[in-house]
Amino acid sequence: MLVRAIGHVESGIDAAAPAESVASIESRIVLDPSMVDGLLGLKPGRRMTVVYWFHRSVGYELLQHPRGDRNRPKRGVFALRSPHRPNPIGITRVQLVSLKKNVLLVRGLDAMNGTPILDLKP
């Protein structure tokens with residue numbers, strides 16, 4: 001299996017944050033310039049799904065406390081949004097705010113600064 005990054009995230013998020021707290025934050029997705037033709041047809045205002053790699057995630061456990069809160073009972077990793085997964089892949093629905101060449105401004109992306117982007121889907 002071969003997966004490669006098509007771009008990266010530029011955001012003000014440098015540490016893990018709950019998805020709810022980043023709903024209004026705007027981030028930039030900077031695509032490799034060779035991917036620009038793949039953006040044809042995207043329009044600001046549309047919702048899209050961003051697929052990315054949890055590049056800072058190390059290891060995983062099948063049972064985890066939600067958000068690391070030991071006061072909450074453990075749940076299975078597939079019932080959580082935890083970045084600590086067998087394959088550290090994340091997905092988030094975002095709002096496309098603007099698009100200029102290879103840079104997409106999006107709202108609601110819960111990915112940290114420098115996160116590799118794997119794919120974009122309408």
# chains A, B, ... in the order shown; residues from 1 in each chain; ligands from 1
$ residues_around --residues "stretch 78-85 of chain A" --least-positions-apart "3" --cutoff "8 Å" --atoms "only C-alpha atoms" --output "ChimeraX atom specification"
/A:54,57-62,66-67,75,88-90
$ write_last_selection --atoms "C-alpha atoms" --output "short mmCIF file (atom, residue, chain, number, x, y, z; two decimals), in the first residue's frame"
data_model
loop_
_atom_site.label_atom_id
_atom_site.label_comp_id
_atom_site.auth_asym_id
_atom_site.auth_seq_id
_atom_site.Cartn_x
_atom_site.Cartn_y
_atom_site.Cartn_z
CA PHE A 54 -1.96 12.05 12.46
CA SER A 57 0.58 10.07 16.89
CA VAL A 58 2.72 7.27 18.32
CA GLY A 59 1.28 3.85 19.05
CA TYR A 60 -2.26 2.89 19.99
CA GLU A 61 -4.35 0.80 22.33
CA LEU A 62 -7.60 -0.86 21.32
CA PRO A 66 -12.14 9.15 25.79
CA ARG A 67 -9.89 12.21 25.36
CA ARG A 75 -14.05 2.54 24.94
CA PRO A 88 -3.43 7.11 12.21
CA ILE A 89 -5.78 8.55 9.58
CA GLY A 90 -8.12 11.43 10.40
#
$ residues_around --residues "A:Asn113" --least-positions-apart "6" --cutoff "12 Å" --atoms "only C-alpha atoms" --output "list of chain:residue names"
A:Gly7, A:His8, A:Val9, A:Glu10, A:Ser11, A:Gly12, A:Ile13, A:Asp14, A:Ala15, A:Ala16, A:Ala17, A:Glu26, A:Ser27, A:Arg28, A:Ile29, A:Val30, A:Tyr52, A:Trp53, A:Phe54, A:His55, A:Arg56
$ write_last_selection --atoms "C-alpha atoms" --output "PDB file, in the first residue's frame"
ATOM      1  CA  GLY A   7      -0.126  18.913   0.868  1.00  0.00           C
ATOM      2  CA  HIS A   8      -0.046  20.090   4.466  1.00  0.00           C
ATOM      3  CA  VAL A   9      -1.992  22.139   7.017  1.00  0.00           C
ATOM      4  CA  GLU A  10      -1.048  25.622   8.183  1.00  0.00           C
ATOM      5  CA  SER A  11      -3.032  26.511  11.293  1.00  0.00           C
ATOM      6  CA  GLY A  12      -2.749  28.035  14.728  1.00  0.00           C
ATOM      7  CA  ILE A  13      -3.294  24.620  16.312  1.00  0.00           C
ATOM      8  CA  ASP A  14      -0.050  23.230  17.724  1.00  0.00           C
ATOM      9  CA  ALA A  15      -1.507  20.820  20.283  1.00  0.00           C
ATOM     10  CA  ALA A  16      -4.404  18.370  20.339  1.00  0.00           C
ATOM     11  CA  ALA A  17      -7.776  20.098  20.621  1.00  0.00           C
ATOM     12  CA  GLU A  26      -9.796  28.966   9.796  1.00  0.00           C
ATOM     13  CA  SER A  27      -6.824  26.964   8.527  1.00  0.00           C
ATOM     14  CA  ARG A  28      -4.920  26.855   5.283  1.00  0.00           C
ATOM     15  CA  ILE A  29      -4.439  23.678   3.280  1.00  0.00           C
ATOM     16  CA  VAL A  30      -1.405  24.135   1.060  1.00  0.00           C
ATOM     17  CA  TYR A  52      -5.108  13.539   6.798  1.00  0.00           C
ATOM     18  CA  TRP A  53      -2.364  11.681   8.673  1.00  0.00           C
ATOM     19  CA  PHE A  54      -1.964  12.053  12.457  1.00  0.00           C
ATOM     20  CA  HIS A  55       1.764  12.712  12.050  1.00  0.00           C
ATOM     21  CA  ARG A  56       2.444  13.180  15.770  1.00  0.00           C
TER      22      ARG A  56
END
$ closest_residue --among "A:Lys74, A:Ile25, A:Val51, A:Leu39" --to "A:Arg4" --atoms "only C-alpha atoms"
A:Val51
$ atom_distance --atom1 "atom CA of A:Asp32" --atom2 "atom CA of A:Lys101"
10.3 Å
$ residues_around --residues "A:Thr49" --least-positions-apart "4" --cutoff "6 Å" --atoms "only C-alpha atoms" --output "MDAnalysis selection string"
chainID A and resid 92:93 120:121
$ select_by_dssp --residues "stretch 24-117 of chain A" --states "strand (DSSP E)" --output "PyMOL selection string"
chain A and resi 26-31+47-53+63-64+75-76+89-100+103-107+116-117
$ write_last_selection --atoms "C-alpha atoms" --output "PDB file, in the first residue's frame"
ATOM      1  CA  GLU A  26      -9.796  28.966   9.796  1.00  0.00           C
ATOM      2  CA  SER A  27      -6.824  26.964   8.527  1.00  0.00           C
ATOM      3  CA  ARG A  28      -4.920  26.855   5.283  1.00  0.00           C
ATOM      4  CA  ILE A  29      -4.439  23.678   3.280  1.00  0.00           C
ATOM      5  CA  VAL A  30      -1.405  24.135   1.060  1.00  0.00           C
ATOM      6  CA  LEU A  31      -1.408  21.580  -1.734  1.00  0.00           C
ATOM      7  CA  ARG A  47     -18.556  21.483   2.456  1.00  0.00           C
ATOM      8  CA  MET A  48     -15.770  19.011   1.868  1.00  0.00           C
ATOM      9  CA  THR A  49     -14.024  16.170   3.655  1.00  0.00           C
ATOM     10  CA  VAL A  50     -10.320  16.424   4.436  1.00  0.00           C
ATOM     11  CA  VAL A  51      -8.385  13.175   4.912  1.00  0.00           C
ATOM     12  CA  TYR A  52      -5.108  13.539   6.798  1.00  0.00           C
ATOM     13  CA  TRP A  53      -2.364  11.681   8.673  1.00  0.00           C
ATOM     14  CA  LEU A  63      -9.224   0.366  24.568  1.00  0.00           C
ATOM     15  CA  GLN A  64      -8.760   4.009  25.523  1.00  0.00           C
ATOM     16  CA  ARG A  75     -14.047   2.544  24.944  1.00  0.00           C
ATOM     17  CA  GLY A  76     -12.875   0.855  21.798  1.00  0.00           C
ATOM     18  CA  ILE A  89      -5.777   8.552   9.583  1.00  0.00           C
ATOM     19  CA  GLY A  90      -8.117  11.432  10.396  1.00  0.00           C
ATOM     20  CA  ILE A  91     -11.089  12.851   8.537  1.00  0.00           C
ATOM     21  CA  THR A  92     -12.986  16.078   9.102  1.00  0.00           C
ATOM     22  CA  ARG A  93     -15.837  17.847   7.298  1.00  0.00           C
ATOM     23  CA  VAL A  94     -14.923  21.482   6.669  1.00  0.00           C
ATOM     24  CA  GLN A  95     -16.334  24.556   4.962  1.00  0.00           C
ATOM     25  CA  LEU A  96     -14.303  25.862   2.008  1.00  0.00           C
ATOM     26  CA  VAL A  97     -13.940  29.607   2.611  1.00  0.00           C
ATOM     27  CA  SER A  98     -11.702  30.505  -0.331  1.00  0.00           C
ATOM     28  CA  LEU A  99      -9.447  28.983  -2.935  1.00  0.00           C
ATOM     29  CA  LYS A 100      -6.437  30.671  -4.477  1.00  0.00           C
ATOM     30  CA  VAL A 103      -4.101  27.205  -1.138  1.00  0.00           C
ATOM     31  CA  LEU A 104      -7.509  26.412   0.344  1.00  0.00           C
ATOM     32  CA  LEU A 105      -8.792  28.410   3.291  1.00  0.00           C
ATOM     33  CA  VAL A 106     -11.128  26.169   5.299  1.00  0.00           C
ATOM     34  CA  ARG A 107     -13.153  26.501   8.502  1.00  0.00           C
ATOM     35  CA  PRO A 116       0.072  15.956   6.017  1.00  0.00           C
ATOM     36  CA  ILE A 117      -3.028  16.009   3.789  1.00  0.00           C
TER      37      ILE A 117
END
$ select_by_dssp --residues "chain A" --states "helix (DSSP H, G or I)" --output "list in words"
Ala19, Glu20, Ser21, Val22, Pro33, Ser34, Met35, Val36, Asp37, Gly38, Leu39, Pro66, Arg67, Gly68, Val77, Phe78 and Ala79 of chain A
$ atom_distance --atom1 "atom CA of A:Pro33" --atom2 "atom CA of A:Asn102"
5.7 Å
$ atom_distance --atom1 "atom CA of A:Leu109" --atom2 "atom CA of A:Arg72"
25.7 Å
